Every structure is written in C-alpha cells, then in structure tokens.
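So this one's my_file25.tsv, TSV, C-alpha atoms:
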chain	number	residue	atom	x	y	z
A	1	MET	CA	0.00	0.00	0.00
A	2	THR	CA	1.11	3.54	-0.69
A	3	GLN	CA	0.10	6.80	0.92
A	4	ALA	CA	-0.82	10.05	-0.76
A	5	LYS	CA	1.30	12.80	0.82
A	6	VAL	CA	-1.56	14.90	2.11
A	7	ARG	CA	-2.89	15.25	5.64
A	8	PHE	CA	-6.45	16.13	6.65
A	9	ALA	CA	-7.91	17.40	9.92
A	10	SER	CA	-11.36	15.96	9.19
A	11	PHE	CA	-13.32	13.78	6.79
A	12	GLU	CA	-15.09	16.89	5.49
A	13	GLU	CA	-11.73	18.48	4.63
A	14	TYR	CA	-10.79	15.31	2.72
A	15	LEU	CA	-14.10	15.44	0.79
A	16	VAL	CA	-13.56	19.06	-0.25
A	17	TRP	CA	-9.96	18.39	-1.29
A	18	SER	CA	-10.71	15.21	-3.25
A	19	ASP	CA	-13.65	16.85	-5.06
A	20	ALA	CA	-11.25	19.29	-6.74
A	21	PRO	CA	-10.41	18.07	-10.28
A	22	GLU	CA	-6.69	18.67	-9.79
A	23	ASN	CA	-6.69	16.28	-6.83
A	24	TYR	CA	-8.35	13.37	-8.65
A	25	LEU	CA	-7.42	10.08	-6.95
A	26	GLU	CA	-7.05	7.01	-9.09
A	27	GLY	CA	-7.83	3.88	-7.10
A	28	ARG	CA	-9.37	3.51	-3.65
A	29	TYR	CA	-8.01	5.23	-0.56
A	30	GLU	CA	-8.96	4.92	3.10
A	31	LEU	CA	-8.49	7.89	5.39
A	32	VAL	CA	-6.47	6.65	8.38
A	33	ASP	CA	-5.22	9.06	11.05
A	34	GLY	CA	-5.64	11.97	8.65
A	35	GLU	CA	-3.65	10.37	5.83
A	36	LEU	CA	-4.77	8.58	2.66
A	37	VAL	CA	-3.74	4.93	2.41
A	38	GLU	CA	-4.22	3.20	-0.92
A	39	LEU	CA	-6.06	-0.13	-0.87
A	40	MET	CA	-4.63	-3.13	-2.64
A	41	PRO	CA	-6.61	-4.47	-5.64
A	42	GLU	CA	-9.12	-7.19	-4.80
A	43	SER	CA	-8.39	-10.80	-5.68
A	44	GLY	CA	-10.26	-12.41	-8.54
A	45	ARG	CA	-11.93	-14.79	-6.10
A	46	ASN	CA	-13.24	-11.98	-3.92
A	47	LEU	CA	-14.57	-10.14	-6.96
A	48	ALA	CA	-16.27	-13.30	-8.24
A	49	ILE	CA	-18.05	-13.86	-4.91
A	50	ALA	CA	-19.30	-10.26	-4.76
A	51	ARG	CA	-20.33	-10.34	-8.42
A	52	PHE	CA	-22.32	-13.55	-7.95
A	53	VAL	CA	-24.22	-12.21	-4.92
A	54	PHE	CA	-24.84	-8.98	-6.87
A	55	PHE	CA	-26.46	-10.84	-9.77
A	56	MET	CA	-28.48	-13.11	-7.50
A	57	LEU	CA	-29.87	-10.19	-5.50
A	58	VAL	CA	-30.99	-8.53	-8.72
A	59	ALA	CA	-32.47	-11.82	-10.00
A	60	ALA	CA	-34.34	-12.15	-6.68
A	61	GLY	CA	-36.04	-8.80	-7.17
A	62	ILE	CA	-33.79	-6.03	-5.80
A	63	PRO	CA	-33.81	-3.24	-8.45
A	64	LEU	CA	-30.50	-2.96	-10.30
A	65	GLU	CA	-29.90	0.65	-9.25
A	66	PHE	CA	-29.96	-0.34	-5.57
A	67	VAL	CA	-27.24	-3.03	-5.75
A	68	MET	CA	-23.62	-1.91	-6.06
A	69	GLN	CA	-20.52	-4.07	-6.30
A	70	GLY	CA	-17.66	-2.15	-4.70
A	71	GLY	CA	-16.60	1.37	-5.63
A	72	ILE	CA	-18.94	3.05	-3.12
A	73	GLU	CA	-17.25	4.89	-0.26
A	74	VAL	CA	-19.00	4.75	3.11
A	75	GLN	CA	-18.07	7.18	5.88
A	76	VAL	CA	-17.81	5.43	9.25
A	77	PRO	CA	-16.83	6.55	12.76
A	78	VAL	CA	-13.30	6.03	14.00
A	79	LEU	CA	-13.82	3.79	17.03
A	80	GLN	CA	-10.27	2.52	17.60
A	81	THR	CA	-6.81	3.88	16.92
A	82	GLY	CA	-5.89	3.02	13.37
A	83	ASP	CA	-9.48	2.70	12.12
A	84	ALA	CA	-10.23	4.09	8.68
A	85	ALA	CA	-12.80	6.88	8.53
A	86	ASN	CA	-14.17	5.43	5.30
A	87	ARG	CA	-14.71	1.93	3.95
A	88	PHE	CA	-15.30	0.41	0.51
A	89	PRO	CA	-17.56	-2.62	1.07
A	90	ASP	CA	-17.42	-5.38	-1.54
A	91	LEU	CA	-21.20	-5.19	-2.06
A	92	LEU	CA	-23.92	-2.77	-0.98
A	93	VAL	CA	-27.70	-2.73	-1.11
A	94	LEU	CA	-28.80	0.89	-1.14
A	95	ARG	CA	-31.99	2.60	-0.02
A	96	GLU	CA	-34.36	4.31	-2.47
A	97	GLU	CA	-32.95	7.77	-1.69
A	98	HIS	CA	-29.29	6.83	-2.29
A	99	PRO	CA	-29.04	6.96	-6.12
A	100	ALA	CA	-29.92	10.67	-6.14
A	101	LEU	CA	-27.66	11.39	-3.15
A	102	ILE	CA	-24.58	9.77	-4.70
A	103	GLU	CA	-25.14	10.90	-8.28
A	104	LYS	CA	-22.25	13.39	-8.22
A	105	ARG	CA	-19.96	11.47	-5.86
A	106	ALA	CA	-20.18	7.81	-4.87
A	107	THR	CA	-19.81	8.53	-1.15
A	108	ILE	CA	-22.38	7.77	1.53
A	109	THR	CA	-21.66	10.19	4.36
A	110	ARG	CA	-22.88	9.91	7.94
A	111	GLU	CA	-25.47	12.62	7.25
A	112	MET	CA	-27.16	10.23	4.78
A	113	PRO	CA	-29.19	7.14	5.64
A	114	PRO	CA	-26.96	4.05	5.92
A	115	PRO	CA	-27.04	1.28	3.30
A	116	ARG	CA	-29.58	-1.48	3.92
A	117	MET	CA	-27.03	-4.26	3.59
A	118	LEU	CA	-23.26	-4.61	3.27
A	119	VAL	CA	-21.18	-7.63	2.27
A	120	GLU	CA	-17.45	-8.02	2.90
A	121	VAL	CA	-15.43	-10.85	1.37
A	122	VAL	CA	-12.50	-11.61	3.67
A	123	SER	CA	-9.02	-11.82	2.17
A	124	PRO	CA	-6.55	-14.32	3.69
A	125	GLY	CA	-4.56	-13.28	6.76
A	126	ASN	CA	-5.13	-12.51	10.42
A	127	ARG	CA	-5.12	-8.75	9.85
A	128	ASN	CA	-7.93	-9.01	7.28
A	129	GLN	CA	-9.90	-11.35	9.54
A	130	GLU	CA	-9.64	-8.92	12.48
A	131	ARG	CA	-10.63	-5.96	10.33
A	132	ASP	CA	-13.77	-7.52	8.80
A	133	TYR	CA	-14.99	-9.46	11.87
A	134	ASN	CA	-14.27	-6.77	14.46
A	135	ARG	CA	-13.42	-3.29	13.25
A	136	LYS	CA	-15.73	-3.07	10.25
A	137	LEU	CA	-18.50	-4.86	12.12
A	138	SER	CA	-18.35	-2.26	14.91
A	139	GLN	CA	-18.26	0.62	12.43
A	140	TYR	CA	-21.17	-0.68	10.34
A	141	GLN	CA	-23.16	-1.29	13.51
A	142	ALA	CA	-22.47	2.30	14.62
A	143	ILE	CA	-23.90	3.82	11.43
A	144	GLY	CA	-26.97	1.58	11.56
A	145	VAL	CA	-26.56	-0.83	8.62
A	146	ASP	CA	-29.44	-3.29	8.97
A	147	GLU	CA	-27.65	-6.39	7.69
A	148	TYR	CA	-23.98	-7.32	7.42
A	149	TRP	CA	-22.58	-10.43	5.72
A	150	ILE	CA	-19.01	-11.69	6.02
A	151	ALA	CA	-18.15	-14.17	3.28
A	152	ASP	CA	-14.98	-15.97	4.36
A	153	PRO	CA	-13.47	-18.33	1.76
A	154	THR	CA	-10.60	-19.31	4.09
A	155	ARG	CA	-12.91	-20.46	6.89
A	156	GLU	CA	-15.46	-21.68	4.31
A	157	MET	CA	-18.39	-19.93	5.97
A	158	VAL	CA	-20.73	-16.97	5.64
A	159	SER	CA	-21.59	-15.06	8.83
A	160	VAL	CA	-24.78	-13.00	8.97
A	161	PHE	CA	-25.50	-10.17	11.40
A	162	ILE	CA	-28.70	-8.14	11.73
A	163	LEU	CA	-29.25	-4.94	13.67
A	164	LYS	CA	-31.48	-5.24	16.72
A	165	GLN	CA	-31.88	-2.24	19.05
A	166	ASN	CA	-28.73	-0.62	17.63
A	167	ASN	CA	-26.58	-3.72	18.17
A	168	TYR	CA	-25.65	-6.53	15.81
A	169	ARG	CA	-27.04	-9.95	16.60
A	170	LYS	CA	-25.33	-12.86	14.90
A	171	VAL	CA	-27.92	-14.88	13.00
A	172	GLY	CA	-25.43	-17.66	12.44
A	173	GLU	CA	-22.39	-19.05	10.66
A	174	PHE	CA	-23.38	-20.92	7.52
A	175	ARG	CA	-21.36	-23.59	5.73
A	176	SER	CA	-21.62	-25.99	2.80
A	177	SER	CA	-25.29	-26.65	1.91
A	178	ASP	CA	-26.70	-24.32	4.61
A	179	ILE	CA	-29.11	-21.76	3.19
A	180	VAL	CA	-27.86	-18.27	4.08
A	181	PRO	CA	-30.83	-16.19	5.28
A	182	CYS	CA	-31.18	-12.68	3.89
A	183	LEU	CA	-33.34	-10.18	5.75
A	184	THR	CA	-32.95	-7.59	3.00
A	185	CYS	CA	-34.20	-9.95	0.28
A	186	LEU	CA	-36.27	-12.83	1.60
A	187	GLU	CA	-36.53	-14.31	-1.91
A	188	LEU	CA	-32.77	-14.91	-2.02
A	189	ARG	CA	-32.07	-18.61	-1.47
A	190	LEU	CA	-28.35	-19.29	-1.70
A	191	THR	CA	-26.22	-21.87	0.05
A	192	ALA	CA	-22.91	-20.94	1.64
A	193	GLU	CA	-21.19	-23.16	-0.90
A	194	GLN	CA	-22.78	-21.31	-3.83
A	195	ILE	CA	-21.75	-17.95	-2.41
A	196	LEU	CA	-18.17	-18.92	-1.60
A	197	SER	CA	-17.64	-20.58	-4.97
A	198	GLY	CA	-18.90	-17.48	-6.78
A	199	GLY	CA	-21.75	-19.50	-8.28
A	200	HIS	CA	-19.62	-22.34	-9.63
A	201	LYS	CA	-21.35	-24.98	-7.45

Rewrite the structure of this file - the entire thing - as structure tokens.
Amino acid sequence: MTQAKVRFASFEEYLVWSDAPENYLEGRYELVDGELVELMPESGRNLAIARFVFFMLVAAGIPLEFVMQGGIEVQVPVLQTGDAANRFPDLLVLREEHPALIEKRATITREMPPPRMLVEVVSPGNRNQERDYNRKLSQYQAIGVDEYWIADPTREMVSVFILKQNNYRKVGEFRSSDIVPCLTCLELRLTAEQILSGGHK
C-alpha cells in the first residue's frame, strides 16, 4: 500500500480536497489518522463472490440501481486507533434515496441514511480477519446498517449479522449446503457453498 502525501484534519476536509479536479485520486483510498492509504486491488476470487451475490440479489427482485458491487465509499466513525474513517464494502444494497444522493460522488456520508445491507469478502490473513470481523463490524453497527454479511473463503463460511436495538445480533455461521438467510431480500435462497464458490457450485 502507498500513501498520498496529504494530511487532513477531518473527513469533510478530505471530501472538499478530493472533489477538486486537480486532486483526482485514481484507485481507492482509506483515510487513516488523517492520511490517505491506498487499498490493494481485490483478488479475482473476492470479486467473483461479490459479483455472484450482486447478480443473484438482482435476480431475486432487488432493483438494479440499488445493488452496487464495490466502488462506493461509506463514511464510518473512528472507534479505535488506526481505524479508517471510510470503507469500501465489496457489495452494498442501497436505499431508495441513495441513487440521487450519490449521483455526483459515490460517497455515503454519515449525514445520509446508511445502506440497507453490506457484504465483505475476507481476504486471507489474520489482519484481514480482524478488520472484517471486528473493526468493520463495529463501524457498520455504529452507522446503523441493517444487515452485514461476512463471506470468508478461508474459513469456508458466511456469517450474517442483523441490527437489533442498535446492536448486531449474529444470525449464524453458515457452511456448505446451509441456506444463508437474507433479511434484505427474503426471496434470495443461496447456500454458503454457492456464495463462496462465486456461483460455480
């Protein structure tokens, strides 16, 4: 990862700076301790999993404009030292008001309603596990995302969390032929194996 040599006092200052055409950022950057840290490209496997869930959500009845595979920046609170102030989930299900709100910039700020559902596909390594299972979970809970999925190819399971009284409750850890329940789209009927194989099983 590389860092852009700019420092910001707030997320709002970063938004203003990055909106200027001369400061166009190619790639994805998280704002960590006031500095921009470039994210590594996703693996083909992670992209395939997110793409498969994207298509299946649309096939199950979620309108195309409300399902986004990556590329959407979500502002989150910094809860621990070293947390990023923004995240780029692998998959998002938006609310009806979001398309108009993000028309000019694909950023969901904390002043906007949170996404209905977020999916993260875990990359290998303890650091990635800790980030998706702990740090991101706490941040997505704090902004009020109704449903959070963690698709973990290494552990061969999909974990589902739903928001109840402002706290995440784990619905379960699903493996193999288990059907993964989806609160956001009840018509979605996928097994953990289908999700983690990117639709190849």

| message | Using all atoms listed in the file, which protein or nucleic acid residues come within 10 Å of Phe161 of chain A? Drop anything in the same chain fewer than 5 positions from it, and give the result as a list in words. | response | Met117, Leu137, Gln141, Val145, Asp146, Glu147, Tyr148, Trp149, Ile150, Asn167, Tyr168, Arg169, Lys170, Val171, Gly172, Glu173, Cys182 and Leu183 of chain A

| task | Name the residues in contact with Ala106 of chain A at a cut-off of 10 Å, using all atoms listed in the file, excluding same-chain residues fewer than 4 positions from it; report them as a VMD selection string. | result | chain A and resid 71 to 74 98 to 99 101 to 102

| query | In terms of the shortest atom-to-atom distance over only C-alpha atoms, which of A:Leu118, A:Leu91, A:Ile108, A:Leu31 is closest to Ala50 of chain A? | reply | A:Leu91

Neighbours of Phe8 of chain A within 9 Å (all atoms listed in the file; same-chain residues fewer than 4 positions away dropped), as an mmCIF file with C-alpha atoms, keeping the file's coordinate frame?
data_model
loop_
_atom_site.group_PDB
_atom_site.id
_atom_site.type_symbol
_atom_site.label_atom_id
_atom_site.label_comp_id
_atom_site.auth_asym_id
_atom_site.auth_seq_id
_atom_site.Cartn_x
_atom_site.Cartn_y
_atom_site.Cartn_z
ATOM 1 C CA GLU A 12 -15.090 16.890 5.490
ATOM 2 C CA GLU A 13 -11.730 18.480 4.630
ATOM 3 C CA TYR A 14 -10.790 15.310 2.720
ATOM 4 C CA TRP A 17 -9.960 18.390 -1.290
ATOM 5 C CA LEU A 31 -8.490 7.890 5.390
ATOM 6 C CA ASP A 33 -5.220 9.060 11.050
ATOM 7 C CA GLY A 34 -5.640 11.970 8.650
ATOM 8 C CA GLU A 35 -3.650 10.370 5.830
ATOM 9 C CA LEU A 36 -4.770 8.580 2.660
#

| field | A:Arg116, A:Arg95, A:Val32, A:Ala59 ranked by distance to Gln80 of chain A, top pick (using only C-alpha atoms) | value | A:Val32

| Quick one, how far is atom CA of Gln194 of chain A from atom CA of Glu130 of chain A? |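 Between these atoms lies a distance of 24.3 Å.
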
| query | So how far away is atom CA of Gly144 of chain A from atom CA of Cys185 of chain A, in Å? | reply |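 Taking atom CA of Cys185 of chain A as the start and atom CA of Gly144 of chain A as the end point, the length is 17.7 Å.
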
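Distance annotation: of A:Gln129, A:Ser176, A:Gln75, A:Thr184, the residue with the minimal separation from Thr109 of chain A is A:Gln75; atom set is all atoms listed in the file.
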
Using only C-alpha atoms, which residues sit within 9 Å of Thr154 of chain A once same-chain residues fewer than 4 positions away are excluded, as a short mmCIF file (atom, residue, chain, number, x, y, z; two decimals) with C-alpha atoms, in the frame of the given file?
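Result went into selection-v7.cif, see below:
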data_model
loop_
_atom_site.label_atom_id
_atom_site.label_comp_id
_atom_site.auth_asym_id
_atom_site.auth_seq_id
_atom_site.Cartn_x
_atom_site.Cartn_y
_atom_site.Cartn_z
CA VAL A 122 -12.50 -11.61 3.67
CA SER A 123 -9.02 -11.82 2.17
CA PRO A 124 -6.55 -14.32 3.69
CA GLY A 125 -4.56 -13.28 6.76
#

Give the centre and edge lengths of an axis-aligned box, in Å to one decimal, that holds all listed atoms of segment 160-177 of chain A with 5 Å on each side, as AutoDock Vina command-line options.
--center_x -26.6 --center_y -13.6 --center_z 10.5 --size_x 20.5 --size_y 36.0 --size_z 27.1

| query | Which one of A:Gly198, A:Pro113, A:Gly70, A:Pro153 sits closest to Glu42 of chain A if you count only C-alpha atoms? | reply |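 Ranked by minimum distance to Glu42 of chain A, first place goes to A:Gly70.
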
| query | For Leu47 of chain A, which residue out of A:Val119, A:Ala84, A:Glu187, A:Val78 is the nearest one, using all atoms listed in the file? | reply |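 For Leu47 of chain A, the nearest of the candidates is A:Val119.
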
| Counting all atoms listed in the file, the residue of A:Tyr140, A:Phe66, A:Phe54, A:Phe174 that sits nearest Glu96 of chain A |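 Going through A:Tyr140, A:Phe66, A:Phe54, A:Phe174 one by one, the smallest distance to Glu96 of chain A is for A:Phe66.
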
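We find atom CA of Asp90 of chain A and atom CA of Leu186 of chain A to be spaced 20.5 Å apart.
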
| request: Give as a list in words each residue that has an atom at most 10 Å from (-13.3, -19.5, -9.4) in the file, counting only C-alpha atoms. | output: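 Every residue inside that radius is included here: Gly44, Arg45, Asn46, Leu47, Ala48, Ile49, Leu196, Ser197, Gly198, Gly199, His200 and Lys201 of chain A.
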
Limited to C-alpha atoms, could you put the picked residues into a file as a compact mmCIF listing (two decimals), keeping the file's coordinate frame?
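Below you can see again_16.txt, which holds the result:
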# COMPACT_ATOMS: atom_id res chain seq x y z
CA GLY A 44 -10.26 -12.41 -8.54
CA ARG A 45 -11.93 -14.79 -6.10
CA ASN A 46 -13.24 -11.98 -3.92
CA LEU A 47 -14.57 -10.14 -6.96
CA ALA A 48 -16.27 -13.30 -8.24
CA ILE A 49 -18.05 -13.86 -4.91
CA LEU A 196 -18.17 -18.92 -1.60
CA SER A 197 -17.64 -20.58 -4.97
CA GLY A 198 -18.90 -17.48 -6.78
CA GLY A 199 -21.75 -19.50 -8.28
CA HIS A 200 -19.62 -22.34 -9.63
CA LYS A 201 -21.35 -24.98 -7.45
